[in-house]
$ cat target-v5.tsv   # TSV, C-alpha atoms
chain	number	residue	atom	x	y	z
A	1	MET	CA	16.84	-3.98	51.04
A	2	ILE	CA	15.10	-2.12	48.20
A	3	GLN	CA	16.02	-3.03	44.64
A	4	VAL	CA	15.81	0.04	42.37
A	5	LEU	CA	15.77	-0.50	38.58
A	6	PHE	CA	16.25	2.01	35.76
A	7	PHE	CA	15.17	1.55	32.16
A	8	ALA	CA	15.73	2.91	28.66
A	9	ARG	CA	16.83	6.57	28.34
A	10	LEU	CA	17.11	6.91	32.13
A	11	ARG	CA	19.31	3.81	32.42
A	12	ALA	CA	21.57	5.22	29.70
A	13	GLU	CA	21.74	8.65	31.38
A	14	LEU	CA	22.58	7.20	34.81
A	15	GLY	CA	24.98	4.64	33.36
A	16	THR	CA	23.53	1.85	35.50
A	17	ALA	CA	20.51	-0.47	35.42
A	18	GLU	CA	20.09	-0.94	39.17
A	19	HIS	CA	20.97	0.20	42.66
A	20	ARG	CA	20.25	-1.33	46.07
A	21	LEU	CA	19.14	0.75	49.03
A	22	HIS	CA	19.64	-0.72	52.49
A	23	GLY	CA	17.63	0.16	55.60
A	24	PHE	CA	15.18	2.33	53.65
A	25	SER	CA	11.55	3.05	54.39
A	26	GLY	CA	9.44	5.80	52.85
A	27	SER	CA	7.63	6.69	49.63
A	28	VAL	CA	8.58	6.51	45.96
A	29	GLU	CA	9.42	10.22	46.15
A	30	GLU	CA	11.71	9.57	49.10
A	31	VAL	CA	13.49	6.79	47.16
A	32	ARG	CA	14.13	9.32	44.41
A	33	ALA	CA	15.29	11.95	46.93
A	34	GLN	CA	17.67	9.51	48.60
A	35	LEU	CA	19.20	8.52	45.26
A	36	CYS	CA	19.67	12.21	44.38
A	37	THR	CA	21.45	12.76	47.72
A	38	LEU	CA	23.69	9.73	47.21
A	39	PHE	CA	24.40	10.59	43.57
A	40	PRO	CA	24.10	14.33	42.89
A	41	ASP	CA	25.01	13.65	39.23
A	42	TRP	CA	21.72	11.77	38.84
A	43	ARG	CA	19.51	14.71	39.82
A	44	ALA	CA	18.68	16.12	36.40
A	45	ALA	CA	17.82	12.73	34.89
A	46	LEU	CA	15.91	11.33	37.88
A	47	GLN	CA	13.93	14.51	38.51
A	48	SER	CA	12.97	14.98	34.86
A	49	ALA	CA	9.21	15.69	34.79
A	50	ASP	CA	8.38	12.76	32.49
A	51	ILE	CA	9.94	10.03	34.68
A	52	GLN	CA	7.41	7.46	35.90
A	53	ALA	CA	7.71	4.91	38.68
A	54	ALA	CA	6.53	1.39	39.44
A	55	VAL	CA	6.52	-0.52	42.73
A	56	ASN	CA	6.59	-4.32	42.49
A	57	ARG	CA	5.90	-4.11	38.73
A	58	GLU	CA	2.79	-1.90	39.00
A	59	ILE	CA	2.64	1.78	38.06
A	60	ALA	CA	3.00	3.82	41.26
A	61	ALA	CA	2.44	7.42	42.39
A	62	SER	CA	5.06	9.57	44.14
A	63	SER	CA	3.25	8.91	47.42
A	64	THR	CA	3.16	5.09	47.04
A	65	PRO	CA	4.85	3.54	50.10
A	66	VAL	CA	7.98	1.45	49.61
A	67	ARG	CA	8.84	-1.31	52.08
A	68	ASP	CA	11.77	-3.61	52.67
A	69	GLY	CA	11.95	-6.24	49.91
A	70	ASP	CA	10.12	-4.08	47.34
A	71	GLU	CA	11.26	-3.58	43.77
A	72	VAL	CA	11.07	0.04	42.61
A	73	ALA	CA	11.58	1.06	38.98
A	74	PHE	CA	12.02	4.47	37.34
A	75	PHE	CA	11.59	4.93	33.60
A	76	PRO	CA	10.58	7.40	30.87
A	77	PRO	CA	7.14	7.17	29.17
A	78	VAL	CA	6.71	3.86	27.35
A	79	THR	CA	7.02	3.66	23.56
A	80	GLY	CA	6.15	0.09	22.60
A	81	GLY	CA	3.72	-1.24	20.03
B	1	MET	CA	-7.12	-24.52	24.14
B	2	LYS	CA	-6.32	-21.53	26.35
B	3	LEU	CA	-8.31	-18.47	25.36
B	4	ASP	CA	-5.51	-15.97	26.05
B	5	TYR	CA	-2.09	-16.32	24.48
B	6	ILE	CA	0.37	-13.61	25.52
B	7	LYS	CA	4.02	-13.75	24.56
B	8	VAL	CA	6.99	-11.41	24.79
B	9	CYS	CA	9.34	-12.77	22.13
B	10	GLY	CA	13.01	-12.28	21.36
B	11	ALA	CA	12.67	-14.07	18.00
B	12	PRO	CA	10.53	-13.15	14.96
B	13	PHE	CA	6.94	-14.36	14.64
B	14	ALA	CA	4.88	-14.87	11.46
B	15	VAL	CA	1.52	-13.11	11.17
B	16	PRO	CA	-0.10	-15.90	9.06
B	17	VAL	CA	0.86	-18.49	11.70
B	18	GLU	CA	-0.65	-16.37	14.48
B	19	TYR	CA	-3.83	-15.76	12.48
B	20	ALA	CA	-4.14	-19.50	11.79
B	21	ALA	CA	-3.85	-20.23	15.52
B	22	LEU	CA	-6.79	-17.88	16.19
B	23	ARG	CA	-8.95	-19.61	13.58
B	24	SER	CA	-8.04	-23.28	14.03
B	25	ALA	CA	-10.83	-25.38	15.57
B	26	ASN	CA	-12.73	-22.20	16.32
B	27	THR	CA	-16.03	-22.30	14.48
B	28	SER	CA	-18.03	-20.53	17.19
B	29	ASP	CA	-16.40	-17.13	16.54
B	30	GLY	CA	-17.34	-15.72	13.16
B	31	ALA	CA	-15.27	-12.55	13.59
B	32	CYS	CA	-11.53	-12.03	13.86
B	33	ALA	CA	-9.82	-8.62	14.07
B	34	VAL	CA	-6.05	-8.43	13.70
B	35	PHE	CA	-3.57	-5.60	14.16
B	36	ALA	CA	0.07	-5.97	13.12
B	37	GLY	CA	2.63	-3.22	13.76
B	38	SER	CA	6.03	-3.19	12.08
B	39	VAL	CA	9.25	-1.12	12.05
B	40	ARG	CA	8.94	1.95	9.80
B	41	ASP	CA	11.86	3.33	7.79
B	42	TYR	CA	11.37	6.88	9.13
B	43	ASN	CA	10.30	8.59	12.34
B	44	ALA	CA	10.12	12.24	13.37
B	45	GLY	CA	11.70	13.32	10.10
B	46	ALA	CA	14.74	11.05	10.22
B	47	ASP	CA	15.66	7.82	8.42
B	48	VAL	CA	15.55	4.74	10.58
B	49	SER	CA	17.67	1.68	9.79
B	50	GLY	CA	16.49	-0.44	12.72
B	51	LEU	CA	15.57	-0.38	16.36
B	52	THR	CA	16.11	-2.15	19.65
B	53	LEU	CA	13.17	-2.81	21.95
B	54	GLU	CA	13.92	-2.77	25.66
B	55	HIS	CA	11.35	-3.95	28.21
B	56	TYR	CA	10.89	-4.58	31.92
B	57	PRO	CA	10.80	-8.38	32.30
B	58	GLY	CA	8.14	-9.39	34.80
B	59	MET	CA	6.22	-6.13	34.65
B	60	THR	CA	5.70	-6.42	30.89
B	61	GLU	CA	3.88	-9.74	31.10
B	62	GLU	CA	1.75	-8.57	34.06
B	63	SER	CA	0.85	-5.37	32.23
B	64	LEU	CA	-0.19	-7.26	29.07
B	65	ARG	CA	-2.31	-9.67	31.12
B	66	ARG	CA	-4.08	-6.74	32.82
B	67	ILE	CA	-4.80	-5.11	29.45
B	68	VAL	CA	-6.24	-8.33	27.96
B	69	ALA	CA	-8.33	-8.87	31.11
B	70	GLY	CA	-9.66	-5.31	30.68
B	71	ALA	CA	-10.78	-6.15	27.14
B	72	ARG	CA	-12.48	-9.35	28.30
B	73	SER	CA	-14.39	-7.46	30.97
B	74	ARG	CA	-15.78	-5.07	28.32
B	75	TRP	CA	-16.64	-7.33	25.38
B	76	GLN	CA	-17.70	-10.90	24.69
B	77	LEU	CA	-14.53	-12.39	23.24
B	78	GLY	CA	-13.35	-15.79	22.12
B	79	ARG	CA	-9.58	-15.95	21.74
B	80	VAL	CA	-7.05	-13.18	22.29
B	81	ARG	CA	-3.53	-13.55	20.92
B	82	LEU	CA	-0.89	-10.91	21.70
B	83	LEU	CA	2.78	-11.07	20.72
B	84	HIS	CA	5.36	-8.31	21.18
B	85	ARG	CA	8.97	-8.45	20.05
B	86	THR	CA	11.98	-7.38	22.09
B	87	GLY	CA	15.65	-6.92	21.21
B	88	PRO	CA	17.08	-5.79	17.86
B	89	LEU	CA	14.68	-5.46	14.91
B	90	ALA	CA	15.25	-4.51	11.27
B	91	VAL	CA	13.06	-2.17	9.20
B	92	GLY	CA	9.96	-4.03	8.02
B	93	GLU	CA	9.99	-6.62	10.81
B	94	ASP	CA	6.78	-7.13	12.79
B	95	ILE	CA	6.87	-5.73	16.34
B	96	LEU	CA	3.35	-6.37	17.53
B	97	PHE	CA	0.51	-8.75	16.76
B	98	VAL	CA	-2.90	-8.42	18.38
B	99	GLY	CA	-5.65	-10.79	17.25
B	100	VAL	CA	-9.13	-11.07	18.77
B	101	THR	CA	-11.98	-13.42	17.88
B	102	SER	CA	-15.62	-13.00	18.81
B	103	PRO	CA	-19.06	-14.06	17.63
B	104	HIS	CA	-19.54	-10.41	16.55
B	105	ARG	CA	-17.41	-8.00	14.55
B	106	GLN	CA	-18.10	-4.96	16.76
B	107	ALA	CA	-16.59	-6.69	19.80
B	108	ALA	CA	-13.59	-7.98	17.82
B	109	PHE	CA	-12.80	-4.55	16.28
B	110	ALA	CA	-13.27	-2.67	19.54
B	111	ALA	CA	-11.29	-5.07	21.71
B	112	CYS	CA	-8.37	-5.15	19.25
B	113	HIS	CA	-8.30	-1.34	19.12
B	114	TYR	CA	-8.56	-1.06	22.92
B	115	ILE	CA	-5.70	-3.52	23.53
B	116	VAL	CA	-3.36	-1.66	21.14
B	117	ASP	CA	-4.27	1.75	22.59
B	118	ARG	CA	-3.66	0.65	26.18
B	119	LEU	CA	-0.47	-1.21	25.28
B	120	LYS	CA	0.94	1.96	23.68
B	121	THR	CA	0.65	3.94	26.92
B	122	GLU	CA	1.01	1.26	29.65
B	123	ALA	CA	3.14	-1.70	28.69
B	124	PRO	CA	6.79	-1.11	29.68
B	125	PHE	CA	8.52	-1.26	26.28
B	126	TRP	CA	10.95	1.38	24.98
B	127	LYS	CA	12.29	1.87	21.45
B	128	LEU	CA	15.88	2.85	20.71
B	129	GLU	CA	16.13	3.81	17.03
B	130	SER	CA	19.27	3.67	14.96
B	131	GLY	CA	19.88	5.61	11.77
B	132	ALA	CA	22.47	7.64	9.89
B	133	ALA	CA	22.58	10.18	12.75
B	134	GLY	CA	23.27	7.49	15.38
B	135	GLU	CA	20.97	6.16	18.09
B	136	ARG	CA	18.08	7.93	19.78
B	137	TRP	CA	15.38	6.96	22.26
B	138	VAL	CA	11.93	7.35	20.75
B	139	ALA	CA	9.86	10.02	22.53
B	140	ALA	CA	6.33	9.19	23.72
B	141	ARG	CA	3.50	10.76	21.70
B	142	ARG	CA	0.87	12.91	23.37
B	143	SER	CA	-1.62	11.67	20.76
B	144	ASP	CA	-1.28	8.14	22.18
B	145	ARG	CA	-2.50	9.44	25.57
B	146	ARG	CA	-5.44	11.20	23.87
B	147	GLU	CA	-6.41	7.99	22.05
B	148	LEU	CA	-6.82	6.33	25.43
B	149	GLU	CA	-9.47	8.84	26.50
B	150	LYS	CA	-12.11	7.22	24.31
B	151	TRP	CA	-12.00	4.03	26.39
B	152	ARG	CA	-12.69	5.77	29.67
B	153	THR	CA	-15.89	4.55	31.23
B	154	ASP	CA	-16.14	6.94	34.19

$ encode --input "target-v5.tsv" --output "structure tokens"
Amino acid sequence: MIQVLFFARLRAELGTAEHRLHGFSGSVEEVRAQLCTLFPDWRAALQSADIQAAVNREIAASSTPVRDGDEVAFFPPVTGG
Amino acid sequence: MKLDYIKVCGAPFAVPVEYAALRSANTSDGACAVFAGSVRDYNAGADVSGLTLEHYPGMTEESLRRIVAGARSRWQLGRVRLLHRTGPLAVGEDILFVGVTSPHRQAAFAACHYIVDRLKTEAPFWKLESGAAGERWVAARRSDRRELEKWRTD
């Protein structure tokens, strides 16, 4: 099972903070693609050019592999400080 | 005493208390650089009445630890104290405190600046502003990315 988390503007746009994917293996980009297939309404927000990803709480690239038990997060650019 | 103190806090902190913690029983470091960031009453041309800071629990703390470790690997530092608020904040409230002590002022200034610059572009915090026009997510600034360039070592 892959736990997928959404934060800030993206969480508000999708209307949910998390989604679980079962029986998944692939890359960060494939997680995104699978979510867009499952929820076509999410496409515009998830595929927005500024959306970043993290795997297991570290910034990840589109090609970063995702394995069973991983935590994947998608979020807009950070604005703290 | 632990040299690094990193805290993500839901409740207000007091800058004088944090400064005192950096200085107490610390006579080997003659220099202390402090940055405090607070909620402004305007942003991008609109009045702001307050904001809510969202973060990614777990990743936030790891990210802040990595940033502080990066500063320690570059400069000779004594204590580093970093506090960042989360949740609802009113105009004028402190959001961020970064304090660094060192035997030398150059290291203290540089490390404090470096930590704030990296935090601005890496640590997973997001601001939701509220004002007369309603709520809006604060957009990231390109200038923050440019600021980071000066710390590149490669």

$ interface_residues --input "target-v5.tsv" --of "chain A" --to "chain B" --cutoff "12 Å" --atoms "only C-alpha atoms" --output "PyMOL selection string"
chain A and resi 5-13+17+50-59+71-81

$ atom_distance --input "target-v5.tsv" --atom1 "CA of Phe24 in chain A" --atom2 "CA of Ala45 in chain A"
21.6 Å

$ residues_around --input "target-v5.tsv" --residues "Ser62 in chain A" --least-positions-apart "5" --cutoff "7 Å" --atoms "only C-alpha atoms" --output "ChimeraX atom specification"
/A:27-29

$ write_last_selection --input "target-v5.tsv" --atoms "C-alpha atoms" --output "tab-separated table (two decimals), in the frame of the given file"
chain	number	residue	atom	x	y	z
A	27	SER	CA	7.63	6.69	49.63
A	28	VAL	CA	8.58	6.51	45.96
A	29	GLU	CA	9.42	10.22	46.15

$ atom_distance --input "target-v5.tsv" --atom1 "CA of Gly99 in chain B" --atom2 "CA of Phe35 in chain B"
6.4 Å

$ atom_distance --input "target-v5.tsv" --atom1 "CA of Tyr42 in chain B" --atom2 "CA of Ser130 in chain B"
10.3 Å
